[in-house]
$ cat my_file-v6.pdb   # PDB, C-alpha atoms
ATOM      1  CA  MET A 627     -50.180  16.480-107.913
ATOM      2  CA  ARG A 628     -53.840  16.064-108.760
ATOM      3  CA  TRP A 629     -56.296  15.966-105.934
ATOM      4  CA  LYS A 630     -58.246  13.072-107.366
ATOM      5  CA  GLN A 631     -55.092  11.021-107.137
ATOM      6  CA  VAL A 632     -55.035  11.478-103.388
ATOM      7  CA  PHE A 633     -58.287   9.636-102.911
ATOM      8  CA  LEU A 634     -57.197   6.756-105.096
ATOM      9  CA  PHE A 635     -54.852   5.695-102.329
ATOM     10  CA  LEU A 636     -57.658   5.153 -99.862
ATOM     11  CA  THR A 637     -58.880   1.610 -99.478
ATOM     12  CA  PRO A 638     -62.381   0.933 -98.102
ATOM     13  CA  GLY A 639     -60.690   0.034 -94.814
ATOM     14  CA  ASP A 640     -59.089   3.473 -94.683
ATOM     15  CA  LYS A 641     -62.361   5.275 -95.236
ATOM     16  CA  PHE A 642     -64.027   3.175 -92.561
ATOM     17  CA  LEU A 643     -61.184   3.909 -90.147
ATOM     18  CA  ILE A 644     -61.241   7.647 -90.773
ATOM     19  CA  ILE A 645     -64.990   7.829 -90.248
ATOM     20  CA  LEU A 646     -64.670   5.698 -87.099
ATOM     21  CA  ILE A 647     -61.979   7.950 -85.611
ATOM     22  CA  PHE A 648     -63.963  11.037 -86.542
ATOM     23  CA  LEU A 649     -67.019   9.630 -84.749
ATOM     24  CA  LEU A 650     -64.848   8.721 -81.760
ATOM     25  CA  GLY A 651     -63.573  12.294 -81.563
ATOM     26  CA  SER A 652     -67.068  13.760 -81.803
ATOM     27  CA  LEU A 653     -68.342  11.345 -79.161
ATOM     28  CA  ASN A 654     -65.496  12.399 -76.863
ATOM     29  CA  MET A 655     -66.355  16.019 -77.470
ATOM     30  CA  VAL A 656     -69.908  15.419 -76.283
ATOM     31  CA  ILE A 657     -69.282  13.039 -73.401
ATOM     32  CA  LEU A 658     -66.026  14.189 -71.809
ATOM     33  CA  PRO A 659     -67.119  17.646 -70.575
ATOM     34  CA  ARG A 660     -69.954  15.972 -68.695
ATOM     35  CA  ILE A 661     -67.640  13.560 -66.892
ATOM     36  CA  ILE A 662     -64.738  15.891 -66.173
ATOM     37  CA  SER A 663     -65.324  19.239 -64.534
ATOM     38  CA  PRO A 664     -62.542  21.760 -65.097
ATOM     39  CA  GLY A 665     -60.764  23.528 -62.238
ATOM     40  CA  SER A 666     -62.555  21.909 -59.374
ATOM     41  CA  TYR A 667     -61.777  23.624 -56.075
ATOM     42  CA  LEU A 668     -59.989  26.454 -54.390
ATOM     43  CA  LEU A 669     -57.307  25.738 -51.823
ATOM     44  CA  ILE A 670     -56.688  28.423 -49.217
ATOM     45  CA  GLU A 671     -53.620  28.327 -47.039
ATOM     46  CA  ALA A 672     -53.852  30.902 -44.264
ATOM     47  CA  SER A 673     -52.384  31.021 -40.777
ATOM     48  CA  GLY A 674     -51.117  27.462 -40.970
ATOM     49  CA  LYS A 675     -54.420  25.924 -41.962
ATOM     50  CA  THR A 676     -55.627  24.787 -45.372
ATOM     51  CA  THR A 677     -59.268  24.936 -46.356
ATOM     52  CA  ARG A 678     -61.088  24.000 -49.530
ATOM     53  CA  PHE A 679     -63.908  25.742 -51.323
ATOM     54  CA  SER A 680     -65.902  24.593 -54.283
ATOM     55  CA  LEU A 681     -65.615  26.977 -57.212
ATOM     56  CA  ASN A 682     -69.026  26.271 -58.650
ATOM     57  CA  ASP A 683     -71.206  28.414 -56.419
ATOM     58  CA  SER A 684     -70.644  32.140 -56.179
ATOM     59  CA  ARG A 685     -70.110  33.731 -52.810
ATOM     60  CA  ILE A 686     -67.897  35.971 -50.724
ATOM     61  CA  VAL A 687     -65.411  34.551 -48.239
ATOM     62  CA  PHE A 688     -63.544  36.357 -45.474
ATOM     63  CA  ILE A 689     -60.156  35.081 -44.349
ATOM     64  CA  SER A 690     -58.151  36.398 -41.452
ATOM     65  CA  GLY A 691     -54.528  36.735 -42.409
ATOM     66  CA  ARG A 692     -51.611  37.897 -40.310
ATOM     67  CA  LYS A 693     -52.208  41.608 -40.808
ATOM     68  CA  GLY A 694     -55.944  41.697 -41.289
ATOM     69  CA  ASN A 695     -58.876  40.420 -43.270
ATOM     70  CA  LEU A 696     -58.999  39.373 -46.905
ATOM     71  CA  GLU A 697     -62.230  39.475 -48.816
ATOM     72  CA  LEU A 698     -62.430  36.824 -51.542
ATOM     73  CA  GLU A 699     -65.008  36.766 -54.266
ATOM     74  CA  ILE A 700     -65.845  33.410 -55.840
ATOM     75  CA  ALA A 701     -67.988  33.579 -58.974
ATOM     76  CA  SER A 702     -68.754  30.802 -61.464
ATOM     77  CA  GLY A 703     -65.434  29.008 -61.598
ATOM     78  CA  LYS A 704     -63.119  31.947 -60.883
ATOM     79  CA  VAL A 705     -61.860  33.721 -57.826
ATOM     80  CA  ARG A 706     -60.209  37.020 -56.883
ATOM     81  CA  VAL A 707     -59.231  38.996 -53.831
ATOM     82  CA  ARG A 708     -61.629  41.911 -53.633
ATOM     83  CA  GLN A 709     -60.240  43.728 -50.647
ATOM     84  CA  ALA A 710     -57.199  43.301 -48.454
ATOM     85  CA  ASN A 711     -55.412  45.535 -46.047
ATOM     86  CA  CYS A 712     -51.887  44.816 -47.056
ATOM     87  CA  PRO A 713     -49.498  47.614 -48.114
ATOM     88  CA  ASN A 714     -48.790  46.706 -51.769
ATOM     89  CA  GLN A 715     -52.192  45.310 -52.778
ATOM     90  CA  ILE A 716     -50.493  42.763 -55.044
ATOM     91  CA  CYS A 717     -53.113  40.141 -54.289
ATOM     92  CA  VAL A 718     -55.916  42.489 -55.321
ATOM     93  CA  ARG A 719     -54.132  43.462 -58.518
ATOM     94  CA  SER A 720     -53.615  39.788 -59.469
ATOM     95  CA  GLY A 721     -57.210  39.808 -60.634
ATOM     96  CA  TRP A 722     -59.296  36.755 -61.409
ATOM     97  CA  ILE A 723     -57.792  33.279 -61.536
ATOM     98  CA  SER A 724     -59.689  30.346 -62.964
ATOM     99  CA  ARG A 725     -57.378  27.606 -64.257
ATOM    100  CA  THR A 726     -55.845  24.716 -62.371
ATOM    101  CA  GLY A 727     -52.448  25.632 -60.996
ATOM    102  CA  GLN A 728     -52.955  29.386 -60.908
ATOM    103  CA  THR A 729     -52.193  31.096 -57.613
ATOM    104  CA  ILE A 730     -52.695  34.353 -55.771
ATOM    105  CA  ILE A 731     -50.213  34.971 -52.994
ATOM    106  CA  CYS A 732     -50.377  37.645 -50.357
ATOM    107  CA  VAL A 733     -47.023  37.777 -48.601
ATOM    108  CA  PRO A 734     -47.724  40.191 -45.712
ATOM    109  CA  ASN A 735     -50.834  38.259 -44.732
ATOM    110  CA  GLN A 736     -49.166  34.878 -45.395
ATOM    111  CA  VAL A 737     -52.078  33.671 -47.504
ATOM    112  CA  ILE A 738     -51.871  31.423 -50.547
ATOM    113  CA  LEU A 739     -54.843  30.796 -52.833
ATOM    114  CA  ARG A 740     -54.478  28.012 -55.354
ATOM    115  CA  ILE A 741     -56.895  26.355 -57.770
ATOM    116  CA  GLU A 742     -56.564  22.591 -57.852
ATOM    117  CA  GLY A 743     -58.016  19.964 -60.134
ATOM    118  CA  GLU A 744     -58.823  16.424 -59.228
ATOM    119  CA  ALA A 745     -55.569  14.666 -58.429
ATOM    120  CA  LEU A 746     -54.748  11.631 -60.541
ATOM    121  CA  SER A 747     -52.026  10.035 -58.492
ATOM    122  CA  PRO A 748     -51.083  10.145 -54.814
ATOM    123  CA  VAL A 749     -47.610  11.451 -55.681
ATOM    124  CA  ASP A 750     -47.043  14.995 -54.447
ATOM    125  CA  ALA A 751     -44.540  16.221 -56.961
ATOM    126  CA  VAL A 752     -42.327  15.008 -59.756
ATOM    127  CA  GLY A 753     -38.795  16.324 -60.049
ATOM    128  CA  TYR A 754     -36.856  16.430 -63.268
TER     129      TYR A 754
ATOM    130  CA  MET B 288     -27.117  -3.461-104.701
ATOM    131  CA  PHE B 289     -28.644  -2.267-101.482
ATOM    132  CA  ASN B 290     -27.242  -3.067 -98.136
ATOM    133  CA  ARG B 291     -29.598  -3.277 -95.167
ATOM    134  CA  ILE B 292     -27.315  -1.240 -92.939
ATOM    135  CA  THR B 293     -26.968   1.414 -95.621
ATOM    136  CA  LEU B 294     -30.713   1.707 -95.902
ATOM    137  CA  ILE B 295     -31.151   1.882 -92.120
ATOM    138  CA  SER B 296     -28.608   4.647 -91.761
ATOM    139  CA  LEU B 297     -30.088   6.459 -94.734
ATOM    140  CA  LEU B 298     -33.526   6.369 -93.148
ATOM    141  CA  ILE B 299     -32.161   7.539 -89.797
ATOM    142  CA  ALA B 300     -30.419  10.452 -91.489
ATOM    143  CA  LEU B 301     -33.643  11.302 -93.324
ATOM    144  CA  ALA B 302     -35.658  11.106 -90.111
ATOM    145  CA  LEU B 303     -33.221  13.360 -88.270
ATOM    146  CA  MET B 304     -33.304  15.901 -91.044
ATOM    147  CA  LEU B 305     -37.094  15.886 -91.142
ATOM    148  CA  TYR B 306     -37.203  16.215 -87.352
ATOM    149  CA  TYR B 307     -34.939  19.244 -87.478
ATOM    150  CA  VAL B 308     -36.747  20.894 -90.386
ATOM    151  CA  GLU B 309     -40.061  20.379 -88.630
ATOM    152  CA  GLY B 310     -38.705  22.163 -85.578
ATOM    153  CA  ILE B 311     -37.878  25.212 -87.712
ATOM    154  CA  ILE B 312     -41.379  25.569 -89.159
ATOM    155  CA  PRO B 313     -43.383  27.955 -86.949
ATOM    156  CA  PRO B 314     -46.544  26.438 -85.461
ATOM    157  CA  LEU B 315     -49.932  27.293 -86.892
ATOM    158  CA  PRO B 316     -51.651  30.233 -85.201
ATOM    159  CA  GLY B 317     -54.124  28.921 -82.663
ATOM    160  CA  LEU B 318     -52.625  25.451 -82.616
ATOM    161  CA  PRO B 319     -49.426  25.999 -80.644
ATOM    162  CA  TRP B 320     -48.375  22.421 -79.881
ATOM    163  CA  THR B 321     -49.211  20.718 -83.128
ATOM    164  CA  ARG B 322     -46.647  19.318 -85.502
ATOM    165  CA  LEU B 323     -47.170  17.495 -88.738
ATOM    166  CA  GLY B 324     -45.125  14.474 -87.701
ATOM    167  CA  LEU B 325     -43.052  14.259 -90.846
ATOM    168  CA  THR B 326     -40.727  11.751 -89.189
ATOM    169  CA  ASN B 327     -43.669   9.382 -89.275
ATOM    170  CA  LEU B 328     -43.008   9.211 -93.008
ATOM    171  CA  VAL B 329     -39.705   7.472 -92.335
ATOM    172  CA  THR B 330     -41.350   5.060 -89.902
ATOM    173  CA  LEU B 331     -43.929   4.103 -92.527
ATOM    174  CA  LEU B 332     -41.321   3.627 -95.233
ATOM    175  CA  SER B 333     -39.116   1.509 -92.999
ATOM    176  CA  LEU B 334     -42.132  -0.616 -92.079
ATOM    177  CA  VAL B 335     -42.585  -1.290 -95.775
ATOM    178  CA  PHE B 336     -38.943  -1.894 -96.646
ATOM    179  CA  LEU B 337     -37.446  -3.339 -93.484
ATOM    180  CA  SER B 338     -38.476  -5.572 -90.608
ATOM    181  CA  PHE B 339     -40.268  -4.411 -87.490
ATOM    182  CA  LYS B 340     -37.174  -4.703 -85.275
ATOM    183  CA  GLU B 341     -35.232  -2.448 -87.579
ATOM    184  CA  THR B 342     -38.083   0.050 -87.689
ATOM    185  CA  PHE B 343     -38.167   0.161 -83.918
ATOM    186  CA  PHE B 344     -34.433   0.680 -83.792
ATOM    187  CA  ILE B 345     -34.670   3.526 -86.312
ATOM    188  CA  VAL B 346     -37.379   5.229 -84.262
ATOM    189  CA  LEU B 347     -35.503   4.942 -80.961
ATOM    190  CA  PHE B 348     -32.292   6.150 -82.540
ATOM    191  CA  ARG B 349     -34.095   9.087 -84.128
ATOM    192  CA  VAL B 350     -35.687  10.145 -80.836
ATOM    193  CA  VAL B 351     -32.435  10.011 -78.878
ATOM    194  CA  VAL B 352     -30.184  11.659 -81.442
ATOM    195  CA  GLY B 353     -32.836  14.155 -82.539
ATOM    196  CA  THR B 354     -33.343  15.386 -79.004
ATOM    197  CA  LEU B 355     -29.571  15.535 -78.533
ATOM    198  CA  ILE B 356     -29.367  17.799 -81.582
ATOM    199  CA  THR B 357     -32.123  20.133 -80.431
ATOM    200  CA  GLY B 358     -30.845  20.056 -76.849
ATOM    201  CA  ILE B 359     -33.877  18.657 -75.069
ATOM    202  CA  PHE B 360     -32.413  15.242 -74.220
ATOM    203  CA  LEU B 361     -33.806  13.897 -70.879
ATOM    204  CA  THR B 362     -36.151  16.845 -70.443
ATOM    205  CA  PRO B 363     -39.973  16.530 -70.386
ATOM    206  CA  PRO B 364     -40.365  16.949 -74.181
ATOM    207  CA  PHE B 365     -37.924  14.081 -74.642
ATOM    208  CA  TRP B 366     -39.959  11.697 -72.469
ATOM    209  CA  LEU B 367     -43.135  12.765 -74.223
ATOM    210  CA  SER B 368     -41.645  12.197 -77.626
ATOM    211  CA  LEU B 369     -40.164   8.847 -76.531
ATOM    212  CA  ALA B 370     -43.478   7.596 -75.156
ATOM    213  CA  GLY B 371     -45.402   8.712 -78.219
ATOM    214  CA  ALA B 372     -42.848   7.239 -80.606
ATOM    215  CA  VAL B 373     -42.730   3.846 -78.865
ATOM    216  CA  THR B 374     -46.498   3.324 -78.622
ATOM    217  CA  SER B 375     -47.260   4.628 -82.091
ATOM    218  CA  THR B 376     -44.566   2.460 -83.660
ATOM    219  CA  LEU B 377     -45.836  -0.625 -81.844
ATOM    220  CA  THR B 378     -49.402   0.072 -82.960
ATOM    221  CA  MET B 379     -48.437   0.813 -86.528
ATOM    222  CA  GLY B 380     -46.356  -2.353 -86.696
ATOM    223  CA  LEU B 381     -49.220  -4.396 -85.301
ATOM    224  CA  VAL B 382     -51.724  -2.962 -87.760
ATOM    225  CA  TYR B 383     -49.316  -3.224 -90.660
ATOM    226  CA  TYR B 384     -48.379  -6.856 -90.132
ATOM    227  CA  HIS B 385     -51.931  -7.946 -89.455
ATOM    228  CA  SER B 386     -53.911  -6.202 -92.097
ATOM    229  CA  SER B 387     -51.947  -4.610 -94.857
ATOM    230  CA  LYS B 388     -48.725  -6.361 -95.683
ATOM    231  CA  ARG B 389     -48.113  -5.246 -99.203
ATOM    232  CA  LYS B 390     -46.209  -6.251-102.259
ATOM    233  CA  ALA B 391     -43.985  -3.224-101.958
ATOM    234  CA  SER B 392     -41.847  -5.034 -99.409
ATOM    235  CA  CYS B 393     -40.518  -6.985-102.367
ATOM    236  CA  LEU B 394     -39.559  -3.763-104.042
ATOM    237  CA  ILE B 395     -35.896  -4.254-103.338
ATOM    238  CA  PRO B 396     -35.363  -7.997-103.826
ATOM    239  CA  SER B 397     -32.162  -8.285-101.812
ATOM    240  CA  LEU B 398     -33.854  -6.858 -98.744
ATOM    241  CA  SER B 399     -36.792  -9.182 -98.361
ATOM    242  CA  SER B 400     -36.650 -12.903 -98.040
ATOM    243  CA  ARG B 401     -37.801 -14.852-101.063
ATOM    244  CA  LYS B 402     -40.456 -16.799 -99.208
ATOM    245  CA  LYS B 403     -42.071 -13.749 -97.639
ATOM    246  CA  CYS B 404     -42.212 -12.040-100.991
ATOM    247  CA  PHE B 405     -43.698 -14.687-103.120
ATOM    248  CA  SER B 406     -46.228 -16.030-100.685
ATOM    249  CA  THR B 407     -47.971 -12.683-100.462
ATOM    250  CA  ALA B 408     -47.597 -11.928-104.152
ATOM    251  CA  ALA B 409     -50.744 -11.111-106.055
ATOM    252  CA  SER B 410     -50.449 -14.204-108.247
ATOM    253  CA  GLU B 411     -51.206 -16.463-105.325
ATOM    254  CA  ILE B 412     -54.185 -14.501-104.035
ATOM    255  CA  ASN B 413     -55.740 -14.261-107.463
ATOM    256  CA  PRO B 414     -54.817 -17.243-109.621
ATOM    257  CA  PRO B 415     -53.732 -15.750-112.968
ATOM    258  CA  LEU B 416     -55.514 -18.294-115.153
ATOM    259  CA  GLU B 417     -59.015 -17.407-114.065
ATOM    260  CA  SER B 418     -58.515 -13.694-113.709
ATOM    261  CA  GLU B 419     -56.863 -13.319-117.079
ATOM    262  CA  ASN B 420     -59.314 -15.323-119.100
ATOM    263  CA  LYS B 421     -62.528 -14.022-117.654
ATOM    264  CA  TYR B 422     -63.484 -10.498-116.633
ATOM    265  CA  PRO B 423     -60.929  -8.738-114.448
ATOM    266  CA  SER B 424     -61.567  -9.651-110.826
ATOM    267  CA  PRO B 425     -61.759  -6.829-108.251
ATOM    268  CA  LYS B 426     -58.420  -5.901-106.787
ATOM    269  CA  LYS B 427     -57.634  -7.705-103.588
ATOM    270  CA  GLY B 428     -55.181  -5.316-102.043
ATOM    271  CA  PRO B 429     -54.291  -4.618 -98.439
ATOM    272  CA  PHE B 430     -57.097  -3.736 -96.043
ATOM    273  CA  PHE B 431     -55.433  -0.492 -94.952
ATOM    274  CA  SER B 432     -53.193   1.610 -97.121
ATOM    275  CA  LEU B 433     -50.365   3.560 -95.520
ATOM    276  CA  VAL B 434     -52.903   6.329 -94.895
ATOM    277  CA  GLY B 435     -54.853   4.181 -92.452
ATOM    278  CA  ILE B 436     -51.714   3.039 -90.660
ATOM    279  CA  SER B 437     -50.427   6.586 -90.431
ATOM    280  CA  VAL B 438     -53.744   7.831 -89.024
ATOM    281  CA  VAL B 439     -53.770   5.101 -86.368
ATOM    282  CA  GLY B 440     -50.172   5.887 -85.457
ATOM    283  CA  ALA B 441     -50.757   9.624 -85.208
ATOM    284  CA  VAL B 442     -53.870   9.301 -83.054
ATOM    285  CA  VAL B 443     -52.195   6.807 -80.723
ATOM    286  CA  HIS B 444     -49.130   9.055 -80.528
ATOM    287  CA  ASN B 445     -51.244  12.045 -79.507
ATOM    288  CA  LEU B 446     -53.302  10.139 -76.956
ATOM    289  CA  THR B 447     -50.170   8.647 -75.384
ATOM    290  CA  GLN B 448     -48.599  12.057 -75.002
ATOM    291  CA  LEU B 449     -51.798  13.384 -73.472
ATOM    292  CA  THR B 450     -51.882  10.526 -70.983
ATOM    293  CA  VAL B 451     -48.235  11.019 -70.038
ATOM    294  CA  VAL B 452     -48.806  14.737 -69.545
ATOM    295  CA  ALA B 453     -51.875  14.094 -67.402
ATOM    296  CA  GLU B 454     -50.184  11.419 -65.339
ATOM    297  CA  PHE B 455     -46.738  12.891 -64.702
ATOM    298  CA  TYR B 456     -46.706  16.613 -65.385
ATOM    299  CA  VAL B 457     -50.110  18.189 -64.849
ATOM    300  CA  ARG B 458     -51.589  15.486 -62.606
ATOM    301  CA  SER B 459     -55.138  16.506 -63.214
ATOM    302  CA  THR B 460     -57.990  14.736 -64.926
ATOM    303  CA  SER B 461     -59.072  17.930 -66.624
ATOM    304  CA  THR B 462     -56.178  17.405 -69.051
ATOM    305  CA  PHE B 463     -58.306  14.774 -70.734
ATOM    306  CA  LEU B 464     -60.684  17.489 -71.910
ATOM    307  CA  LEU B 465     -58.172  17.895 -74.747
ATOM    308  CA  THR B 466     -58.858  14.359 -76.015
ATOM    309  CA  PRO B 467     -61.142  15.309 -78.958
ATOM    310  CA  PHE B 468     -58.680  18.007 -80.011
ATOM    311  CA  MET B 469     -55.882  15.450 -79.958
ATOM    312  CA  ILE B 470     -57.914  12.925 -81.933
ATOM    313  CA  PHE B 471     -58.845  15.424 -84.653
ATOM    314  CA  THR B 472     -55.344  16.839 -85.055
ATOM    315  CA  GLY B 473     -53.968  13.301 -85.165
ATOM    316  CA  LEU B 474     -56.483  12.420 -87.846
ATOM    317  CA  ILE B 475     -55.517  15.377 -90.034
ATOM    318  CA  ALA B 476     -51.754  15.077 -89.538
ATOM    319  CA  GLY B 477     -51.837  11.297 -90.014
ATOM    320  CA  PHE B 478     -53.846  11.676 -93.204
ATOM    321  CA  ILE B 479     -51.371  14.143 -94.671
ATOM    322  CA  THR B 480     -48.292  12.098 -93.782
ATOM    323  CA  GLY B 481     -49.966   8.913 -95.042
ATOM    324  CA  ILE B 482     -50.717  10.500 -98.404
ATOM    325  CA  LEU B 483     -47.127  11.766 -98.598
ATOM    326  CA  ALA B 484     -45.825   8.280 -97.814
ATOM    327  CA  GLU B 485     -47.977   6.766-100.559
ATOM    328  CA  PHE B 486     -46.637   9.299-103.045
ATOM    329  CA  VAL B 487     -43.054   8.536-102.042
ATOM    330  CA  LEU B 488     -43.713   4.818-102.372
ATOM    331  CA  GLN B 489     -45.258   5.288-105.801
ATOM    332  CA  ARG B 490     -42.236   7.224-106.993
ATOM    333  CA  LEU B 491     -39.880   4.599-105.605
ATOM    334  CA  GLU B 492     -41.787   1.823-107.327
ATOM    335  CA  LYS B 493     -41.597   3.655-110.648
ATOM    336  CA  ASN B 494     -37.924   4.484-110.413
ATOM    337  CA  LEU B 495     -36.472   1.393-108.782
ATOM    338  CA  LEU B 496     -38.204  -1.335-110.717
TER     339      LEU B 496
END

$ encode --input "my_file-v6.pdb" --output "C-alpha cells"
Amino acid sequence: MRWKQVFLFLTPGDKFLIILIFLLGSLNMVILPRIISPGSYLLIEASGKTTRFSLNDSRIVFISGRKGNLELEIASGKVRVRQANCPNQICVRSGWISRTGQTIICVPNQVILRIEGEALSPVDAVGY
Amino acid sequence: MFNRITLISLLIALALMLYYVEGIIPPLPGLPWTRLGLTNLVTLLSLVFLSFKETFFIVLFRVVVGTLITGIFLTPPFWLSLAGAVTSTLTMGLVYYHSSKRKASCLIPSLSSRKKCFSTAASEINPPLESENKYPSPKKGPFFSLVGISVVGAVVHNLTQLTVVAEFYVRSTSTFLLTPFMIFTGLIAGFITGILAEFVLQRLEKNLL
C-alpha cells in the first residue's frame, strides 16, 4: 500500500468535509469550556437537611453532625474534610474530591458530601 | 451468480467477526473508550452493494447478535451502541443517496436494477462523443467518496453516544465537554475506515469484473 494512493481516494468534497469537521471540533474546544462549568456545586446532607455550596470560591465550612463538628475545606473546585471528631476518620482520609458524582460519607456523624453537576432532566434516577 | 440473501448473510457474518475481533484488541493507552469502528466497513460496503433497507437490517442484526455474543445485550453499552448505529446509518444513507451514488452499485449486475445502474452510468453524465474526440473532460465523480461518508457516520455515531450518555446515564451537562474529543476521534477513525473501504472496493472491482 503506497501512501500517495490513499489521497487519490479523496474527492474535493471529502477534503472540504474533513476541514469543516476539524474546524467544528476546534471551535467546540474553544467555546464549550466557557459555556459549561465542570463540577458545579457541593451538596451537603447533614442532620436531615441538605445545603448547597458553590465550589468556585475557597473557604472553610463548619457542619454540625450527630457526634460533633466537621470542618470542610473548599478550594478552587475541590473539597475535603479537614477535621472531624469521628472514631475512624474515614472522611478525613478520603482526601480531596472534585468530580461530579464523587462523595465523602461520614457514617457516625451521618453526613454525606456529594459534588453535583447541572442536572439535565428532572428525572431522579434511571434503573437498568 | 450472487443471491441477495447470501450477500446479506455474508455481510452480517463479516460484521460480527469484525465486531468480535475489535473487542479483543486492547484500547490505545490514554484513549480508553475509543474503537476503530471496523464494523462501519460492512455498513459502507452494504450501502454500495445493497439497498438502504437491507443495510439498516444488517446493522440492527449486527448490534443485537454482536451484543448477545459478547454478553452485554440490554445493558447500557448495548443501548449506546444501538443508538449510535441507528443514527450513523441513517446519516450515512442520507449522505450517500444524496451526494455520492456511485457506479460501483452496478458492480454485481444481478443485484442492482437495470434502470438504476444505467441512468447513473458515466456515459450519460459525460456524453462519450464529445469527451472522446476532444481533450479528456475532468472526471465527474461522486461528491463524497466513501471516506467522507465514513467520517460523517463516525462523528455522528460519537456525538449520539455522548448525548445518550449525558441524557440517561450521567445526567450532567459537563459531559458535553468531551464533544471536541469525540469529534476528533470520530474524524480519525472514520478516515481510516473510509480508506479501508475504498481499498476493499477497489479490490472487488478488479477481481469481480

$ atom_distance --input "my_file-v6.pdb" --atom1 "atom CA of Ala701 of chain A" --atom2 "atom CA of Ser684 of chain A"
4.1 Å

$ closest_residue --input "my_file-v6.pdb" --among "A:Ser702, A:Ser690, A:Thr677, A:Asn654" --to "Asn735 of chain A" --atoms "only C-alpha atoms"
A:Ser690

$ closest_residue --input "my_file-v6.pdb" --among "B:Gly440, B:Pro319, B:Gly353, B:Pro314" --to "chain A" --atoms "only C-alpha atoms"
B:Gly440

$ resolve_selection --input "my_file-v6.pdb" --expression "the ChimeraX specification (/A :<8) & /B" --output "PyMOL selection string"
chain B and resi 362-363+429-432+434-435+438+453-456+458-461+463-464+466-468+470-471+474+482+485

$ residues_around --input "my_file-v6.pdb" --residues "Leu332 of chain B" --least-positions-apart "5" --cutoff "9 Å" --atoms "all atoms listed in the file" --output "list in words"
Leu298, Asn327, Leu337, Thr342, Ala484, Val487 and Leu488 of chain B

$ atom_distance --input "my_file-v6.pdb" --atom1 "atom CA of Asn695 of chain A" --atom2 "atom CA of Ile731 of chain A"
14.1 Å

$ resolve_selection --input "my_file-v6.pdb" --expression "the PyMOL selection byres ((chain A and resi 678) around 10)" --output "list in words"
Tyr667, Leu668, Leu669, Ile670, Glu671, Thr676, Thr677, Phe679, Ser680, Leu681, Leu739, Arg740, Ile741 and Glu742 of chain A

$ resolve_selection --input "my_file-v6.pdb" --expression "the PyMOL selection byres ((chain B and resi 441) around 8)" --output "VMD selection string"
chain B and resid 324 375 437 to 440 442 to 445 473 to 474 476 to 477

$ closest_residue --input "my_file-v6.pdb" --among "B:Ala302, B:Glu341, B:Gly317, B:Leu433" --to "Ile479 of chain B" --atoms "all atoms listed in the file"
B:Leu433

$ closest_residue --input "my_file-v6.pdb" --among "B:Leu323, B:Val346, B:Ala372, B:Leu305" --to "Ile475 of chain B" --atoms "all atoms listed in the file"
B:Leu323

$ atom_distance --input "my_file-v6.pdb" --atom1 "atom CA of Pro316 of chain B" --atom2 "atom CA of Leu361 of chain B"
28.1 Å

$ closest_residue --input "my_file-v6.pdb" --among "A:Arg725, A:Lys630, A:Arg692, A:Arg706" --to "Ser673 of chain A" --atoms "only C-alpha atoms"
A:Arg692

$ residues_around --input "my_file-v6.pdb" --residues "Gly721 of chain A" --least-positions-apart "3" --cutoff "10 Å" --atoms "all atoms listed in the file" --output "short mmCIF file (atom, residue, chain, number, x, y, z; two decimals) with C-alpha atoms, in the coordinates of the input"
data_model
loop_
_atom_site.label_atom_id
_atom_site.label_comp_id
_atom_site.auth_asym_id
_atom_site.auth_seq_id
_atom_site.Cartn_x
_atom_site.Cartn_y
_atom_site.Cartn_z
CA LYS A 704 -63.12 31.95 -60.88
CA VAL A 705 -61.86 33.72 -57.83
CA ARG A 706 -60.21 37.02 -56.88
CA VAL A 707 -59.23 39.00 -53.83
CA ARG A 708 -61.63 41.91 -53.63
CA ILE A 716 -50.49 42.76 -55.04
CA CYS A 717 -53.11 40.14 -54.29
CA VAL A 718 -55.92 42.49 -55.32
CA ILE A 730 -52.70 34.35 -55.77
#

$ axis_aligned_box --input "my_file-v6.pdb" --around "segment 700-704 of chain A" --padding-each-side "4 Å" --output "AutoDock Vina command-line options"
--center_x -65.9 --center_y 31.3 --center_z -58.7 --size_x 13.6 --size_y 12.6 --size_z 13.8
